[in-house]
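Trainee: My questions will all concern the structure given below.
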Amino acid sequence: MDTHQAHQWAGEAPEQPQRAVGYAGVLRELLPIALWREDADGRVVEWSLAAQDLLGHLPEEIIGRSAATVLVPEGNRELADELTRRVHAGETVIGTLSVRHRSGQPVTMEMWIVPAPAPDGRPGALLVAVETSEVMHMRDSLAALESLFTQSPIGLATLGTDLRFLRVNEALARMNGVSAADHLGKRLSEVAPGINATALEAMMRQAIDRATPVIDTRRTGRTPADPGRDHTWSCSYAPLRDTSGRILGVIASIIDITEGQQALVEAERARQRLALLAEAGTRIGTTLDLHQTAREIADVLVPRLADSADVQMLEEILAPDEAGTARHGLVRRLAATFPDPSAPTAKLAPGMTFQVPLGSVYDRVIEQGRPMNLTYADIPALITDPRAENLRTYLSTRIGSARLIPLVARGTVLGAVVVTRLLSREPFGEQDCLLIDELVSRAALNMDNARMYTGQREAALTLQRSLTHNTLPKVPGLALTGRYVPASEHDVGGDWYDAISLPGNRTALVIGDVMGHGIHAAAVMGQLRTAVRTLAGHDVPPVHMLHSLDAIVADLGEDEMATCVYAVHDPATGGCDLARAGHPPPALVTPDGTVRFLDGPPGTPLGTGADSFHSEHVPLPAGSLLALYTDGLIESRHRDLDEGMRQLARALAGPDRPLDAICEATLTHLTPSPAQDDVALLLARPLFQPGGGYVS
């Protein structure tokens, strides 16, 4: 039988007398109550499942045996005999006694031993026992869980088959506000009609008719003990039978769980708060986009904690280089959520700015960096626009509570979040405020990370744009096109390409890849590009160019590394000389459409100091195509390098197409979405006059 479910039944009553009875406790896992019966000779004739759990004896092992021999420790035999004589004489005994476990260890139990005569008139005893350590454990657990369940006295009673009280303990008498004596001979409906006694009596009747316990039936009502207040009780009922299996009545155990019910409600709220904090950790800051992070904050707060959320940031934080005295105290709305259809959201759109009134509560929150609850008196000072009368009216008539929480990260106030609840909802409580403040505090760090990243990214993009160009020069004998694709809108790296005019109508082609991303990689890339252009002006051959670049990267630090291809095209010879520094092999497309990857020495990456570079001559006949690229084009976590090179070969086939079309098709075909690395691609095609010879 599952004792965790209210009104759960073990099954229909058996045809033969049942000797192993079900659990008779309330919430077996909280406080199991063991039951067993002994006949006039002290033999065990009934044994409950709870008794089996507590003392280890299986029904088939103990039924029919002497209880004194099996259950009573050696030193307690005389006391047990004395108690048996008193119970057989009609006395009820309540006390703390040791009972022997199947393992031989004593178990201290709170026991209630009552006379229970057999049908033949001979005396017997019914024993109700609760393990003392379980009671203590329950008390300790309740204290540790901050009154999740407050201890309530257990009411015990026996009732006959007519559902009239036979015996009642003082705890139950106190619960009902009726003396124990005044219970006897009466039904529950006569003693405490205010607790829906009819339904409880129906549960007792089912326990009798089905011969199985009913566990944890919950009822709420009022008794003469406390007529002005509702109480909630957990009621359990177990059938009481004699040795022949005949039902004599029912045993009731009652626990007042009124305070425990409230503790359960509070515990559930606490669980929900912890779950929301955990969820916020996965939902806020999923990207390094400032506006997206602000929207995520609003989405977490509404509707579970608030009916609206307004995320605002100081302009002087958003754009520090542009902020002047006139911009001090100016805030910009980054995200706002107002599900209430009657809210005048036209005045609350993201992107709008307003000036924080000097000396207002908003100004104090920004100045002090501490959250504050807003009152109706704060509204006029916060909303001074004469055109916002609808908004002021809405806040004054529909909002029940509001709170202003500063966004503080790394000791700096970035802005604030305003949350509100409608009048129809319970106002913000202390625990609500603590949770909201914690969420906003955590979100502020995400916003600051996004802000700093955005600033660094903008700086990197500015640096990259200043160091690279999108338009390649017109050079003798070659048609050129190239593309640079960053890993994402939020990331830049150190990939670059370039074409440089050299003496004698020659052209230098260069492509490189600095390890890493961000402003540092862009800065290193800029230094290498400048060095290449400077050295190219001195007509340095490819191998010497790579030697010089290797020394430059090595001087930047041990952790710096880059790859590069440097090629010099000479229209007079119809080919080019190139050298590689750990870079992927260029692709050559012959006039018949065959694609091959140059198999010359790959060289070592720049900055390693290995200084192993070799030159390779590559013919570029009419109708051919040379493709230089970075590894981001062919490498992906979804495909290996060989597959990437095969896909590139397929994309480059057909060299007679326009270069821009080949470039776009190659990037579309090979670049994954989302991109995983920067990509640079440079294509070069020889140019010929109709009658032969290069175009200058």
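We name chains A, B, ... following the order of the structure tokens; residues begin at 1 in each chain, and ligands are numbered from 1 as shown.
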Write out as a ChimeraX atom specification which residues come within 9 Å of A:Leu276 when counting only C-alpha atoms, dropping same-chain ones fewer than 2 positions away.
Mentor: /A:271-274,278-281,300,304,435,439
Trainee: With C-alpha atoms retained, could you export that selection as a PDB file, in the first residue's frame?
Mentor:
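Wrote it out as selection.pdb, contents follow:
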ATOM      1  CA  ARG A 271      11.165  26.423  -4.114  1.00  0.00           C
ATOM      2  CA  GLN A 272       9.703  28.503  -6.914  1.00  0.00           C
ATOM      3  CA  ARG A 273      12.031  31.380  -6.060  1.00  0.00           C
ATOM      4  CA  LEU A 274      15.078  29.123  -6.205  1.00  0.00           C
ATOM      5  CA  ALA A 278      18.324  28.945 -11.539  1.00  0.00           C
ATOM      6  CA  GLU A 279      16.276  29.592 -14.668  1.00  0.00           C
ATOM      7  CA  ALA A 280      17.446  33.199 -14.819  1.00  0.00           C
ATOM      8  CA  GLY A 281      21.026  31.970 -14.926  1.00  0.00           C
ATOM      9  CA  VAL A 300      12.223  36.669 -16.601  1.00  0.00           C
ATOM     10  CA  ARG A 304       5.870  35.544 -12.594  1.00  0.00           C
ATOM     11  CA  LEU A 435      14.229  37.876  -5.193  1.00  0.00           C
ATOM     12  CA  LEU A 439      17.724  38.872 -10.204  1.00  0.00           C
TER      13      LEU A 439
END
Trainee: Excluding A:Leu200 and its own-chain neighbours fewer than 5 positions away, which residues fall within 9 Å of it when counting only C-alpha atoms? Please give them as a VMD selection string.
Mentor: chain A and resid 188 195 205 217 219 235
Trainee: Do a neighbour search on A:Pro655 at 10 Å with only C-alpha atoms, toss out local chain neighbours closer than 5 positions, and write the hits as a PyMOL selection string.
Mentor: chain A and resi 588-595+623-626+662+685
Trainee: Determine, counting only C-alpha atoms, which protein, DNA and RNA residues have an atom within 10 Å of an atom of stretch 107-113 of chain A; residues of the same chain fewer than 4 positions away are not included. Present the result as a PyMOL selection string.
Mentor: chain A and resi 33-37+54-55+71+73+83-84+86-87+91-101+125-135+156
Trainee: Step one, run DSSP on the backbone; step two, keep only residues of stretch 182-242 of chain A assigned to alpha helix (DSSP H); then write them as a PyMOL selection string.
Mentor: chain A and resi 182-183+188-191+197-210
Trainee: For the selection just defined, write its residues with N, CA and C atoms to a file, as a compact mmCIF listing (two decimals), in the first residue's frame.
Mentor:
# COMPACT_ATOMS: atom_id res chain seq x y z
N ASP A 182 -16.90 13.65 27.44
CA ASP A 182 -18.06 14.05 26.65
C ASP A 182 -18.04 13.51 25.23
N HIS A 183 -16.94 12.89 24.83
CA HIS A 183 -16.91 12.23 23.52
C HIS A 183 -17.60 10.87 23.57
N LEU A 188 -18.97 11.70 15.80
CA LEU A 188 -18.20 12.90 15.50
C LEU A 188 -19.11 14.05 15.10
N SER A 189 -20.17 13.75 14.39
CA SER A 189 -21.09 14.81 13.97
C SER A 189 -21.75 15.50 15.16
N GLU A 190 -21.81 14.80 16.30
CA GLU A 190 -22.37 15.42 17.50
C GLU A 190 -21.32 16.22 18.26
N VAL A 191 -20.07 15.82 18.15
CA VAL A 191 -19.01 16.48 18.92
C VAL A 191 -18.46 17.70 18.18
N ALA A 197 -18.09 16.61 9.48
CA ALA A 197 -17.98 15.31 10.13
C ALA A 197 -18.58 14.20 9.29
N THR A 198 -19.58 14.52 8.48
CA THR A 198 -20.23 13.50 7.64
C THR A 198 -19.22 12.87 6.69
N ALA A 199 -18.37 13.70 6.06
CA ALA A 199 -17.37 13.16 5.14
C ALA A 199 -16.34 12.31 5.87
N LEU A 200 -15.92 12.76 7.07
CA LEU A 200 -14.96 11.96 7.82
C LEU A 200 -15.55 10.64 8.27
N GLU A 201 -16.80 10.65 8.68
CA GLU A 201 -17.45 9.40 9.06
C GLU A 201 -17.57 8.45 7.87
N ALA A 202 -17.73 9.02 6.67
CA ALA A 202 -17.74 8.17 5.48
C ALA A 202 -16.39 7.49 5.29
N MET A 203 -15.29 8.21 5.60
CA MET A 203 -13.96 7.60 5.51
C MET A 203 -13.80 6.47 6.54
N MET A 204 -14.32 6.71 7.75
CA MET A 204 -14.25 5.66 8.77
C MET A 204 -15.05 4.44 8.33
N ARG A 205 -16.23 4.67 7.76
CA ARG A 205 -17.07 3.57 7.32
C ARG A 205 -16.38 2.76 6.23
N GLN A 206 -15.68 3.44 5.32
CA GLN A 206 -14.96 2.73 4.27
C GLN A 206 -13.81 1.91 4.86
N ALA A 207 -13.13 2.46 5.87
CA ALA A 207 -12.06 1.71 6.51
C ALA A 207 -12.59 0.42 7.12
N ILE A 208 -13.79 0.50 7.70
CA ILE A 208 -14.41 -0.68 8.30
C ILE A 208 -14.87 -1.64 7.22
N ASP A 209 -15.58 -1.13 6.23
CA ASP A 209 -16.17 -2.00 5.21
C ASP A 209 -15.11 -2.67 4.35
N ARG A 210 -14.02 -1.97 4.06
CA ARG A 210 -12.99 -2.54 3.20
C ARG A 210 -11.85 -3.19 3.98
Trainee: Could you check how far atom CA of A:Pro601 sits from atom CA of A:Leu546, in Å to one decimal?
Mentor: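 Answer for the atom CA of A:Pro601 to atom CA of A:Leu546 separation: 13.2 Å.
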Trainee: Would you pick out the contacts of A:Pro503 at 10 Å or less, using only C-alpha atoms, so that residues sharing its chain but fewer than 6 positions from it are not included, and give the list as a list in words?
Mentor: Ala536, Gly537, His538, Asp539 and Asp570 of chain A
